[in-house]
Structures are given as structure tokens and as C-alpha cells.
Amino acid sequence: MHFSSASVVVTLSSSKLRTATVDEFSVSKVVEILSNPEANLSNFPIVKIDKREISFDLSIDINKSNFGDVATQSFETQCAEKLYKALEPVRQADPNLLFDPRIWAFINLYPMREYNLARWCDGVGLFGKTLPAEMPVGYFFTKRGDLKGHTRCGARRLYIAAHACQASDGNLNNLSKFFSDTDLYTQIFERRMSLDSELALALAIKLETLSRAERRFALRSVQLMLATISLEYLNRQRKESLIDSALSDYQNR
Amino acid sequence: MRSGAPRFAHYGQADCEQRIRVKVGEDLIDISQLENPESIWSKTEIDLSGRDSISGLEINLESKIDVKNDCKGYDWTKFVEFFDFIVVLTNTSSRKRTCHKGQIQPTTYKGQRRPVRYDGRLEGIPIDLKDFSGEITLEPLFVVKMTVPTGNLLDSVSMMRLVPGTVIAYSEPIRIILNRDKRGFMSLFEFVWLPFSKNASRGLPENGVFSLEWTESPKIYINQDVDELENILTSEAKVGNSAIARDNINLPIAHQVLTSVLDLIIKKVIQQHADFPEDSAEEIALSLNSQERQFLLSWSYVLDPIHDLNANLDMAIDRLIDLDDVALNEFLTRDIPVVLQQALASQASIEKMINAFFKRIGGGDIE
């Protein structure tokens with residue numbers, strides 16, 4: 001484990017999976033952890049499944065040359081893919097670990113620390129910039145039963161998209177569709193219908209290139225249809241036809 | 001979970017009967033046979049908070065649609081041909097949304113051909129609790145069948161053609177609460193704002209700031225007589241003076257509440273051990289009431305003399321009852337206050353307040 005004092009490249013490759021002692025830390029504690037990760041590892045005991053530790057290898061390189069690209073579709077896709085693949089040993093050990101907010105607190109504050117600071121905190125704490133005493137820390141944590149809390153958590157947000165692709169298609173080929181813009185991602189994953197991976201992916205594919213107004217109309221229409229139809233009962237083809245029908249309503253309105 | 005009646009659900013709300021068995025160790029036990037079952041189980045809610053010995057559930061559901069329900073819109077005699085009975089399982093925490101298909105059985109009176117009732121049955125839905133977190137919802141629904149003859153079904157009330165999956169009848173959803181709350185002990189409490197000066201009969205201290213009532217529905221009374229206290233404590237500010245003031249007022253309240261509750265629980269555990277020395281840690285844990293168990297979901301490591309973060313409640317109790325009087329005293333007077341200060345990040349919070357104070361009087365940051 002290595003933390004560079006210059007805070008340019010800080011990675012936690014080949015590390016052991018740890019878990020935070022609580023779902024969320026206070027703002028001052030987060031600042032303390034981000035300022036001095038090594039000294040605060042005592043707040044993150046190592047996870048053991050059947051008495052065995054879980055190793056995983058995750059490193060997202062944030063440097064001055066790619067800092068400006070962190071919000072782009074290609075960078076987000078790349079990060080989501082890396083994160084999803086890196087967490088394979090965790091899924092193998094116990095897939096349920098990945099809905100525990102305390103595990104995500106660790107992933108966000110340690111291996112994904114630089115990504116989160118760059119993507120969601122304007123790069124504070126990176127490249128010699130100091131961490132302010134008060135900063136927004138919501139992106140370092142997720143919630144248990146709240147969809148907004150899932151999708152506004154820096155690393156889990158990436159993971160959710162990758163998991164939807166894998167569960168639906170068996171591969172990550174369509175992953176980039178989710179990151180074409182932040183509004184599309186949010187509009188899909190902050191709705192309960194996104195718990196169905198097939199529908200979430202079908203929406204991303206069909207709505208990716210549309211205007212914001214068209215997308216929002218289609219999403220509202222699908223949502224409305226689902227007030228009378230049980231989504232879970234439908235096969236993939238039927239789910240796609242719901243979206244087509246919503247899009248055709250937009251054309252004919 | 002749907003809210004309200006779906007538009008084409010002309011067959012209305014179906015009465016639903018449930019039979020639930022819980023898995024304890026290797027055994028499946030009917031939920032009604034558990035200790036204090038009414039605290040767990042009602043027609044639409046199963047609360048397993050703090051019941052750590054339960055590892056799974058087996059759910060059997062039966063939803064009934066009676067001909068007396070003014071059934072209109074669809075051909076009653078072709079119910080089995082047109083509709084399916086399903087139970088939708090949703091769990092937001094684990095991001096699961098699945099469908100379990102059951103069977104529909106017509107009931108016909110002797111000598112009559114027209115069924116008087118249709119029963120949708122689904123037996124043995126297995127729920128392994130380790131695969132879920134938070135709250136699971138089960139929604140029993142009758143929907144238009146995927147194999148409906150012409151690909152859709154005419155609703156003679158709305159004259160709309162319904163696609164497969166359309167809900168034509170529903171039962172009230174069943175909520176299974178695994179952990180009512182694990183986020184923080186403060187959410188266990190109901191906060192009640194009262195002017196203490198006018199409520200002396202409740203035993204509230206006239207010059208106090210807050211008062212704790214540790215009952216089955218725990219409450220924290222907060223004194224409205226204290227100027228601006230309500231505004232500050234209910235402030236949602238994330239930064240600034242209000243946020244700093246709120247955090248620093250919350251701190252002694254949280255400290256005292258935690259200390260009082262832990263003290264109560266420790267005394268109860270020690271007393272139970274003294275009265276029944278043969279009782280195992282598990283049996284002692286079972287003697288705690290539901291609010292105590294909920295509290296310990298997040299705080300059992302504080303109760304544990306070695307503060308092992310991975311210790312479960314039974315392990316913590318085992319170590320606690322092993323302490324002699326001297327060690328117990330030291331644990332209560334020295335160990336617990338230190339652990340609580342760390343858990344509540346007291347030092348950082350107080351430093352922040354002092355910094356803000358010096359900034360306000362123009363003294364700059366304290367190094």
C-alpha cells in the first residue's frame with residue numbers, strides 16, 4: 001500500500017478488502033481520513049470470509065494530464081470497467097458484500113480516493129492543493145435502501161452501470177451508453193424500474209442519442225405504463241417494446 | 001411498490017393469506033411459534049430487526065378473488081386462461097427485483113359450472129436473509145398472461161387492449177423489515193419538542209436541555225424553552241456556524257444517551273447472568289427487549305470489553321460476563337467513555353467549534 005505525499009498518484013493496488021466501522025463518517029472525520037489515509041486505516045478492519053482475507057487490485061491513475069477528462073464518457077466507462085473487474089474477487093467471495101455501505105465507504109475513501117476527489121470535489125487534495133476543513137462528502141458514501149443514495153456515490157455509481165450491463169448482456173460492451181451524459185444516468189438509475197438490469201440497459205441504448213426532452217418524455221411514459229404493468233413479468237423483448245411505444249408516443253404527440 | 005389501485009385492476013384488491021416459516025439453524029419453524037410473535041408479525045409487516053438467529057424465511061401466499069367482488073371487464077369463466085398469479089419481490093438495498101410465478105386454482109360449488117372464486121397460490125418462496133438488506137417487499141398480483149390467445153386482452157370497461165403483464169387484481173404488499181435501522185442509534189428515537197417548564201408532570205427537568213425515555217418506543221424530549229435550540233438542532237446546514245453549533249449540541253446529547261442506554265443494558269446483562277448463571281450468552285441476548293437489540297445492532301462492539309468490531313452480540317456478552325468486579329468498573333468508567341469519544345469524533349467536532357469561535361473573534365485558525 002502506498003500513499004504519495006505529493007498526492008499525484010495515490011493507489012491502493014493489491015490491497016485487502018476492508019470495511020468502514022460505520023455507514024457514513026462525519027465531515028471532519030472524512031477530511032481527516034482523506035488527509036491522512038494511512039493513519040486512519042484503524043477505522044477500516046480487514047474483511048474476512050471463512051477466515052480468509054480478500055485481495056483485489058484496483059488503481060485509477062489521476063494525473064495532471066487526464067484530470068480534465070474525468071467527467072468524460074470514455075474516462076467514466078474506463079473507470080467503471082476497471083472497478084467492476086477489480087472487484088471480481090469480492091463477488092466470488094461473497095457478492096452480498098457489494099451492497100454493504102461500509103464496504104463502499106472504504107472503496108470510495110481508499111482505492112477510489114483520487115477518482116472521487118477529481119470527479120466530484122474539483123480536485124481538492126490533489127496536485128498539492130490542500131483539503132478544506134469543510135467539503136461535500138456525500139459522494140464517498142452510499143445508502144442502504146435509497147436509490148438516490150446509490151447513484152450519487154462516486155464508485156458505486158460506476159459499479160451499478162457495469163453490473164447492469166453484465167447482468168443483462170453478460171458483457172460490458174454497452175457500458176459507455178450509460179455515461180453519454182450525467183442526466184441520462186441519473187434519470188435511469190434514480191427510478192425504481194432501473195433495479196431491472198434489462199430495462200435499464202435497454203433505456204440507455206435507446207435513449208443515448210436522443211435530446212433531453214425526448215428522453216425525459218420517454219422515461220416518464222415508461223414509468224406511467226409500469227403503474228399498470230408488472231415489469232418483472234415481462235421478457236426482454238416486451239420491455240424493449242414498452243420503450244419503443246413510449247418513443248412513438250413522443251413522435252405522435 | 002405500487003401505490004393506489006392500478007388503472008385496469010377491475011377485479012380489485014384480493015384478500016391474501018400468508019403462512020411464514022423462519023429458518024433458525026437447520027430448522028424451519030412457523031413464525032407464530034416464536035417468542036413474542038406479535039412483535040414480529042402482522043398481516044402486512046414482518047419485522048425481524050434484531051432477530052439475529054433467523055437466517056431465512058419460507059413464504060407461502062394465497063390470494064383470493066371472489067365472484068362477489070363485482071368482477072367486470074374480463075370474462076370471469078376464462079380467468080385461468082387469461083391470467084397468471086405472480087409475486088414480485090423487491091429489495092432496493094441489494095438492487096433486486098424478481099418475479100415468482102404461482103398457480104391459479106378455481107373453486108366451484110357442487111353442481112355448478114361457474115367458479116365462485118379463484119385462488120392464486122405460491123408456495124415455498126425461499127428467502128435467504130444474507131442475500132438482502134433493509135426491507136424486502138412482496139407484492140402478490142394477478143396479471144394478463146404472456147400466452148393470452150390474441151397477444152392482448154380487451155378490457156370491456158375501458159375498451160383498451162391490455163398487453164401481457166397488465167395488473168388486473170392485487171393484494172396488499174407485505175413488507176419484511178430485516179433491520180429497521182442500522183444507520184445510527186439516534187434514528188431509534190422519536191424526538192419530542194416540549195417546553196419543559198409547562199410539562200413538569202411528565203417528570204421533565206425544568207432547567208434541563210433534554211430528557212430520555214427508554215421504553216419500547218424510545219423518545220428524546222427536547223426543551224423548547226431554550227432559545228433557538230429547536231432552530232439549530234433541526235437545521236440541515238452542512239457547513240457554517242449553524243452546522244457547527246448543531247454538531248456540538250448533538251454531541252453531549254448523543255454521549256449521554258449512549259452512556260445511559262449502554263449502562264442500562266450492561267446492568268441488565270450482568271443481573272441476568274447473576275440470576276441465571278447457567279444461561280448462555282445467546283439466552284441472555286434473548287432476554288433483551290426489541291429496542292435494546294436494535295440499539296446493539298450498531299453498538300455491540302462498545303459493549304464488548306475488547307471492542308472487537310467483528311464481534312457479534314453473543315461474543316460481546318460472553319466476554320462481558322467474564323469480567324470480574326474490578327475489571328467491570330474499569331470498563332465502565334474508563335473504557336466506554338474513550339470508545340464513545342472516538343466513535344462520535346468528539347475531538348474533531350470540538351476543535352472545529354473552537355476554530356470557528358476564534359475566527360469569529362478575529363483570532364484566526366488555531367495551529
# chains A, B, ... in the order shown; residues from 1 in each chain; ligands from 1
$ residues_around --residues "stretch 334-342 of chain B" --least-positions-apart "6" --cutoff "8 Å" --atoms "only C-alpha atoms" --output "list of chain:residue names"
B:His255, B:Thr259, B:Val302
$ interface_residues --of "chain A" --to "chain B" --cutoff "7 Å" --atoms "only C-alpha atoms" --output "NGL selection string"
:A and (23 or 28-29 or 96 or 99 or 134 or 144-146 or 195-196 or 227-230 or 232-234)
$ write_last_selection --atoms "N, CA and C atoms" --output "PDB file, in the first residue's frame"
ATOM      1  N   ASP A  23     -21.628   3.307   8.452  1.00  0.00           N
ATOM      2  CA  ASP A  23     -22.059   3.557   7.068  1.00  0.00           C
ATOM      3  C   ASP A  23     -21.483   4.870   6.543  1.00  0.00           C
ATOM      4  N   SER A  28     -15.829  16.093   9.323  1.00  0.00           N
ATOM      5  CA  SER A  28     -14.466  16.300   9.834  1.00  0.00           C
ATOM      6  C   SER A  28     -13.665  15.002   9.807  1.00  0.00           C
ATOM      7  N   LYS A  29     -14.346  13.890  10.052  1.00  0.00           N
ATOM      8  CA  LYS A  29     -13.638  12.598  10.026  1.00  0.00           C
ATOM      9  C   LYS A  29     -13.220  12.256   8.598  1.00  0.00           C
ATOM     10  N   ASN A  96     -22.762 -10.440  -1.766  1.00  0.00           N
ATOM     11  CA  ASN A  96     -23.561  -9.563  -0.902  1.00  0.00           C
ATOM     12  C   ASN A  96     -22.735  -8.467  -0.248  1.00  0.00           C
ATOM     13  N   PHE A  99     -23.319  -4.780  -1.487  1.00  0.00           N
ATOM     14  CA  PHE A  99     -24.406  -3.846  -1.187  1.00  0.00           C
ATOM     15  C   PHE A  99     -24.304  -3.337   0.246  1.00  0.00           C
ATOM     16  N   GLU A 134     -13.994  21.999   5.484  1.00  0.00           N
ATOM     17  CA  GLU A 134     -15.373  21.597   5.214  1.00  0.00           C
ATOM     18  C   GLU A 134     -15.525  21.397   3.713  1.00  0.00           C
ATOM     19  N   ARG A 144     -28.340   2.512   2.246  1.00  0.00           N
ATOM     20  CA  ARG A 144     -28.788   1.131   2.122  1.00  0.00           C
ATOM     21  C   ARG A 144     -30.000   1.019   1.192  1.00  0.00           C
ATOM     22  N   GLY A 145     -31.091   1.713   1.532  1.00  0.00           N
ATOM     23  CA  GLY A 145     -32.318   1.476   0.772  1.00  0.00           C
ATOM     24  C   GLY A 145     -32.799   2.672  -0.014  1.00  0.00           C
ATOM     25  N   ASP A 146     -31.911   3.537  -0.431  1.00  0.00           N
ATOM     26  CA  ASP A 146     -32.335   4.766  -1.087  1.00  0.00           C
ATOM     27  C   ASP A 146     -31.619   4.865  -2.438  1.00  0.00           C
ATOM     28  N   LEU A 195     -33.923  -1.066 -11.193  1.00  0.00           N
ATOM     29  CA  LEU A 195     -33.494  -2.271 -10.475  1.00  0.00           C
ATOM     30  C   LEU A 195     -33.546  -3.468 -11.424  1.00  0.00           C
ATOM     31  N   ASP A 196     -34.286  -3.324 -12.518  1.00  0.00           N
ATOM     32  CA  ASP A 196     -34.315  -4.345 -13.551  1.00  0.00           C
ATOM     33  C   ASP A 196     -33.221  -4.010 -14.568  1.00  0.00           C
ATOM     34  N   ALA A 227     -47.052   1.688 -14.030  1.00  0.00           N
ATOM     35  CA  ALA A 227     -48.028   1.799 -12.944  1.00  0.00           C
ATOM     36  C   ALA A 227     -49.142   0.768 -13.131  1.00  0.00           C
ATOM     37  N   THR A 228     -49.292   0.287 -14.376  1.00  0.00           N
ATOM     38  CA  THR A 228     -50.357  -0.696 -14.621  1.00  0.00           C
ATOM     39  C   THR A 228     -49.807  -2.052 -15.076  1.00  0.00           C
ATOM     40  N   ILE A 229     -48.514  -2.088 -15.389  1.00  0.00           N
ATOM     41  CA  ILE A 229     -47.927  -3.345 -15.893  1.00  0.00           C
ATOM     42  C   ILE A 229     -46.837  -3.810 -14.928  1.00  0.00           C
ATOM     43  N   SER A 230     -46.784  -5.130 -14.725  1.00  0.00           N
ATOM     44  CA  SER A 230     -45.724  -5.661 -13.872  1.00  0.00           C
ATOM     45  C   SER A 230     -44.478  -5.896 -14.723  1.00  0.00           C
ATOM     46  N   GLU A 232     -41.583  -6.990 -13.949  1.00  0.00           N
ATOM     47  CA  GLU A 232     -40.843  -8.212 -13.622  1.00  0.00           C
ATOM     48  C   GLU A 232     -41.351  -9.406 -14.423  1.00  0.00           C
ATOM     49  N   TYR A 233     -42.607  -9.328 -14.866  1.00  0.00           N
ATOM     50  CA  TYR A 233     -43.232 -10.439 -15.575  1.00  0.00           C
ATOM     51  C   TYR A 233     -42.801 -10.480 -17.044  1.00  0.00           C
ATOM     52  N   LEU A 234     -42.299  -9.375 -17.555  1.00  0.00           N
ATOM     53  CA  LEU A 234     -42.041  -9.258 -18.992  1.00  0.00           C
ATOM     54  C   LEU A 234     -40.678  -9.816 -19.394  1.00  0.00           C
TER      55      LEU A 234
END
$ residues_around --residues "A:Gln223" --least-positions-apart "4" --cutoff "10 Å" --atoms "only C-alpha atoms" --output "ChimeraX atom specification"
/A:191-193,217-219,227-229,242-243,246
$ write_last_selection --atoms "N, CA and C atoms" --output "PDB file, in the first residue's frame"
ATOM      1  N   ARG A 191     -34.696   5.875 -10.734  1.00  0.00           N
ATOM      2  CA  ARG A 191     -36.055   5.334 -10.758  1.00  0.00           C
ATOM      3  C   ARG A 191     -35.994   3.862 -10.372  1.00  0.00           C
ATOM      4  N   ARG A 192     -37.053   3.411  -9.693  1.00  0.00           N
ATOM      5  CA  ARG A 192     -37.070   2.026  -9.226  1.00  0.00           C
ATOM      6  C   ARG A 192     -37.031   1.020 -10.373  1.00  0.00           C
ATOM      7  N   MET A 193     -37.520   1.421 -11.550  1.00  0.00           N
ATOM      8  CA  MET A 193     -37.519   0.486 -12.668  1.00  0.00           C
ATOM      9  C   MET A 193     -36.087   0.077 -13.049  1.00  0.00           C
ATOM     10  N   PHE A 217     -39.390  12.573 -21.777  1.00  0.00           N
ATOM     11  CA  PHE A 217     -40.752  12.178 -22.146  1.00  0.00           C
ATOM     12  C   PHE A 217     -40.852  10.646 -22.137  1.00  0.00           C
ATOM     13  N   ALA A 218     -39.868   9.998 -22.777  1.00  0.00           N
ATOM     14  CA  ALA A 218     -39.906   8.534 -22.872  1.00  0.00           C
ATOM     15  C   ALA A 218     -39.836   7.889 -21.484  1.00  0.00           C
ATOM     16  N   LEU A 219     -38.966   8.415 -20.643  1.00  0.00           N
ATOM     17  CA  LEU A 219     -38.830   7.833 -19.300  1.00  0.00           C
ATOM     18  C   LEU A 219     -40.113   7.997 -18.488  1.00  0.00           C
ATOM     19  N   ALA A 227     -47.052   1.688 -14.030  1.00  0.00           N
ATOM     20  CA  ALA A 227     -48.028   1.799 -12.944  1.00  0.00           C
ATOM     21  C   ALA A 227     -49.142   0.768 -13.131  1.00  0.00           C
ATOM     22  N   THR A 228     -49.292   0.287 -14.376  1.00  0.00           N
ATOM     23  CA  THR A 228     -50.357  -0.696 -14.621  1.00  0.00           C
ATOM     24  C   THR A 228     -49.807  -2.052 -15.076  1.00  0.00           C
ATOM     25  N   ILE A 229     -48.514  -2.088 -15.389  1.00  0.00           N
ATOM     26  CA  ILE A 229     -47.927  -3.345 -15.893  1.00  0.00           C
ATOM     27  C   ILE A 229     -46.837  -3.810 -14.928  1.00  0.00           C
ATOM     28  N   LEU A 242     -41.944  -1.668 -24.767  1.00  0.00           N
ATOM     29  CA  LEU A 242     -42.506  -0.584 -23.944  1.00  0.00           C
ATOM     30  C   LEU A 242     -41.807   0.742 -24.269  1.00  0.00           C
ATOM     31  N   ILE A 243     -40.483   0.653 -24.407  1.00  0.00           N
ATOM     32  CA  ILE A 243     -39.713   1.876 -24.696  1.00  0.00           C
ATOM     33  C   ILE A 243     -40.051   2.383 -26.103  1.00  0.00           C
ATOM     34  N   ALA A 246     -43.239   4.154 -26.023  1.00  0.00           N
ATOM     35  CA  ALA A 246     -43.112   5.487 -25.422  1.00  0.00           C
ATOM     36  C   ALA A 246     -42.492   6.467 -26.425  1.00  0.00           C
TER      37      ALA A 246
END
$ atom_distance --atom1 "atom CA of B:Glu139" --atom2 "atom CA of A:Ser197"
19.5 Å
$ atom_distance --atom1 "atom CA of A:Ser55" --atom2 "atom CA of A:Arg119"
25.6 Å
$ residues_around --residues "stretch 212-226 of chain B" --least-positions-apart "3" --cutoff "9 Å" --atoms "only C-alpha atoms" --output "PyMOL selection string"
chain B and resi 188-197+204+206-209+229-230+257+260-261+289-292
$ closest_residue --among "B:Val24, B:Tyr11, B:Ile31, B:Gly56" --to "B:Asp75" --atoms "only C-alpha atoms"
B:Tyr11
$ residues_around --residues "A:Lys48" --least-positions-apart "2" --cutoff "12 Å" --atoms "only C-alpha atoms" --output "list in words"
Lys16, Leu17, Arg18, Thr19, Pro45, Ile46, Asp50, Lys51, Arg52, Glu53, Ile54, Ser55, Val90, Ala93, Asp94 and Leu97 of chain A; Asn310 of chain B
$ atom_distance --atom1 "atom CA of A:Leu34" --atom2 "atom CA of A:Ala133"
11.0 Å
